[in-house]
Amino acid sequence: MNISVLLKAADAPETAQDCRRRHIMESAERCFARSGFHKTSMQEICAEAAMSPGALYRYFKSKEAIIEAICLDERQRCHGTLEPLLVEGDFTEALVDMAMAYFEQMRRPGATPMMLEVFAEGLRNGAVGRNFLENEAMVREHISEFVQRAADRGDIDASVDHDAAIGMMMALGEGIVMRSAIDPALEPERIRPMLAAMIDAVFGRGKRG
């Protein structure tokens with residue numbers, strides 16, 4: 001599914017059923033961040049959501065179904081952060097705007113602990129981790145296409161190892177998210193100029209012309 005389709009779906013008005021499903025998913029995310037995917041039980045999710053098991057099971061038949069829904073929701077969020085790449089503007093500004101959108105997304109309660117739990121699952125090569133890593137692969141693919149278009153136009157140094165550069169920038173973004181939980185100096189707007197300078201350096205923009 002492409003970016004524009006998912007963005008359109010995300011903009012659709014929520015029904016009462018959608019709101020209830022989202023409440024359950026957010027409750028489950030808090031449980032997963034606190035206890036881990038495997039240790040969290042449906043009973044714990046019911047308690048967090050303040051719902052009876054019968055009421056919750058009307059929306060999700062299992063913990064795995066909740067995780068699958070969270071993965072889809074995360075994919076929609078990921079596509080939202082990629083929106084700046086849809087407009088063919090300044091290369092650096094587009095990537096910085098994307099990073100700012102990502103930082104804002106990760107401000108929601110429980111987002112950073114959830115990210116750490118996902119990384120741990122990815123290292124264990126579990127099904128949960130693989131599902132979330134598929135979302136990361138999708139993000140990387142769209143960034144790679146954006147970078148390649150910029151290289152084709154001559155906006156960045158074509159000799160730079162683009163895959164390594166993208167990986168480094170994604171690692172930087174994730175590191176900023178984790179570090180900012182304890183370091184107020186990493187407020188996004190404060191580091192925006194530094195992030196732009198680093199992107200220029202990594203992608204060899206200083207070599208243009």
# chains A, B, ... in the order shown; residues from 1 in each chain; ligands from 1

$ residues_around --residues "Ala164 of chain A" --least-positions-apart "4" --cutoff "12 Å" --atoms "only C-alpha atoms" --output "MDAnalysis selection string"
chainID A and resid 140 144 147 159:160 168:171 202:203

$ write_last_selection --atoms "C-alpha atoms" --output "PDB file, in the first residue's frame"
ATOM      1  CA  ARG A 140      13.936   2.728   4.609  1.00  0.00           C
ATOM      2  CA  SER A 144      16.132   5.261  -0.321  1.00  0.00           C
ATOM      3  CA  VAL A 147      17.721   9.785  -1.862  1.00  0.00           C
ATOM      4  CA  SER A 159      29.590   8.573  -4.811  1.00  0.00           C
ATOM      5  CA  VAL A 160      28.367   8.443  -1.192  1.00  0.00           C
ATOM      6  CA  MET A 168      23.415   6.049  10.034  1.00  0.00           C
ATOM      7  CA  MET A 169      20.743   8.757   9.917  1.00  0.00           C
ATOM      8  CA  MET A 170      18.048   6.320  11.088  1.00  0.00           C
ATOM      9  CA  ALA A 171      20.300   5.218  13.955  1.00  0.00           C
ATOM     10  CA  VAL A 202      26.770  12.656   5.424  1.00  0.00           C
ATOM     11  CA  PHE A 203      25.287  12.989   1.942  1.00  0.00           C
TER      12      PHE A 203
END

$ closest_atom_pairs --of "segment 156-197 of chain A" --to "segment 83-106 of chain A" --cutoff "8 Å" --atoms "only C-alpha atoms" --output "CSV"
residue,atom,partner,partner_atom,distance
A:Gly173,CA,A:Ala99,CA,6.9
A:Val177,CA,A:Phe103,CA,6.6
A:Pro188,CA,A:Met100,CA,6.6
A:Arg192,CA,A:Val96,CA,7.0
A:Leu195,CA,A:Val96,CA,6.9
A:Ala196,CA,A:Thr92,CA,6.1

$ select_by_dssp --residues "chain A" --states "helix (DSSP H, G or I)" --output "NGL selection string"
:A and (3-11 or 16-35 or 42-49 or 53-57 or 63-81 or 83-86 or 91-105 or 111-124 or 127-153 or 162-180 or 184-186 or 188-202 or 205-207)

$ residues_around --residues "Ala181 of chain A" --least-positions-apart "3" --cutoff "12 Å" --atoms "only C-alpha atoms" --output "list in words"
Phe103, Met106, Arg107, Arg108, Pro109, Gly110, Ala111, Thr112, Pro113, Glu174, Gly175, Ile176, Val177, Met178, Pro184, Ala185, Leu186, Glu187 and Pro188 of chain A

$ write_last_selection --atoms "C-alpha atoms" --output "mmCIF file, in the first residue's frame"
data_model
loop_
_atom_site.group_PDB
_atom_site.id
_atom_site.type_symbol
_atom_site.label_atom_id
_atom_site.label_comp_id
_atom_site.auth_asym_id
_atom_site.auth_seq_id
_atom_site.Cartn_x
_atom_site.Cartn_y
_atom_site.Cartn_z
ATOM 1 C CA PHE A 103 10.339 13.003 17.055
ATOM 2 C CA MET A 106 7.602 9.470 19.602
ATOM 3 C CA ARG A 107 6.441 11.952 22.251
ATOM 4 C CA ARG A 108 3.219 10.011 22.790
ATOM 5 C CA PRO A 109 3.138 8.229 26.173
ATOM 6 C CA GLY A 110 4.867 4.871 26.148
ATOM 7 C CA ALA A 111 6.264 5.251 22.623
ATOM 8 C CA THR A 112 9.949 5.064 23.587
ATOM 9 C CA PRO A 113 9.640 2.043 25.927
ATOM 10 C CA GLU A 174 16.475 6.534 17.178
ATOM 11 C CA GLY A 175 19.354 7.501 19.445
ATOM 12 C CA ILE A 176 18.009 11.041 19.789
ATOM 13 C CA VAL A 177 14.591 9.674 20.766
ATOM 14 C CA MET A 178 16.073 7.467 23.497
ATOM 15 C CA PRO A 184 16.366 18.202 27.735
ATOM 16 C CA ALA A 185 19.152 19.673 25.593
ATOM 17 C CA LEU A 186 17.952 17.394 22.792
ATOM 18 C CA GLU A 187 14.697 19.285 22.332
ATOM 19 C CA PRO A 188 13.960 18.810 18.580
#

$ residues_around --residues "Glu121 of chain A" --least-positions-apart "6" --cutoff "10 Å" --atoms "only C-alpha atoms" --output "ChimeraX atom specification"
/A:36-38,115,127-133

$ write_last_selection --atoms "N, CA, C and O atoms" --output "compact mmCIF listing (two decimals), in the first residue's frame"
# COMPACT_ATOMS: atom_id res chain seq x y z
N GLY A 36 6.51 -6.35 28.56
CA GLY A 36 7.01 -7.11 27.42
C GLY A 36 5.86 -7.81 26.72
O GLY A 36 4.81 -8.05 27.30
N PHE A 37 6.09 -8.15 25.46
CA PHE A 37 5.03 -8.78 24.66
C PHE A 37 4.63 -10.14 25.23
O PHE A 37 3.45 -10.46 25.32
N HIS A 38 5.62 -10.95 25.58
CA HIS A 38 5.33 -12.32 25.95
C HIS A 38 4.71 -12.44 27.33
O HIS A 38 3.85 -13.30 27.56
N MET A 115 9.30 1.18 21.70
CA MET A 115 10.33 1.04 20.68
C MET A 115 11.46 0.13 21.17
O MET A 115 11.95 -0.73 20.43
N ALA A 127 8.46 -13.30 16.05
CA ALA A 127 7.46 -12.88 15.05
C ALA A 127 7.04 -11.44 15.28
O ALA A 127 6.83 -10.68 14.32
N VAL A 128 6.92 -11.04 16.54
CA VAL A 128 6.52 -9.65 16.84
C VAL A 128 7.55 -8.68 16.31
O VAL A 128 7.23 -7.70 15.63
N GLY A 129 8.82 -8.96 16.60
CA GLY A 129 9.88 -8.08 16.12
C GLY A 129 9.92 -8.01 14.61
O GLY A 129 10.11 -6.94 14.04
N ARG A 130 9.72 -9.15 13.95
CA ARG A 130 9.76 -9.16 12.49
C ARG A 130 8.63 -8.31 11.90
O ARG A 130 8.83 -7.62 10.90
N ASN A 131 7.46 -8.35 12.52
CA ASN A 131 6.34 -7.55 12.02
C ASN A 131 6.66 -6.06 12.08
O ASN A 131 6.40 -5.31 11.13
N PHE A 132 7.25 -5.62 13.19
CA PHE A 132 7.58 -4.21 13.31
C PHE A 132 8.77 -3.83 12.42
O PHE A 132 8.82 -2.72 11.89
N LEU A 133 9.71 -4.75 12.26
CA LEU A 133 10.86 -4.47 11.41
C LEU A 133 10.46 -4.36 9.94
O LEU A 133 11.13 -3.69 9.16
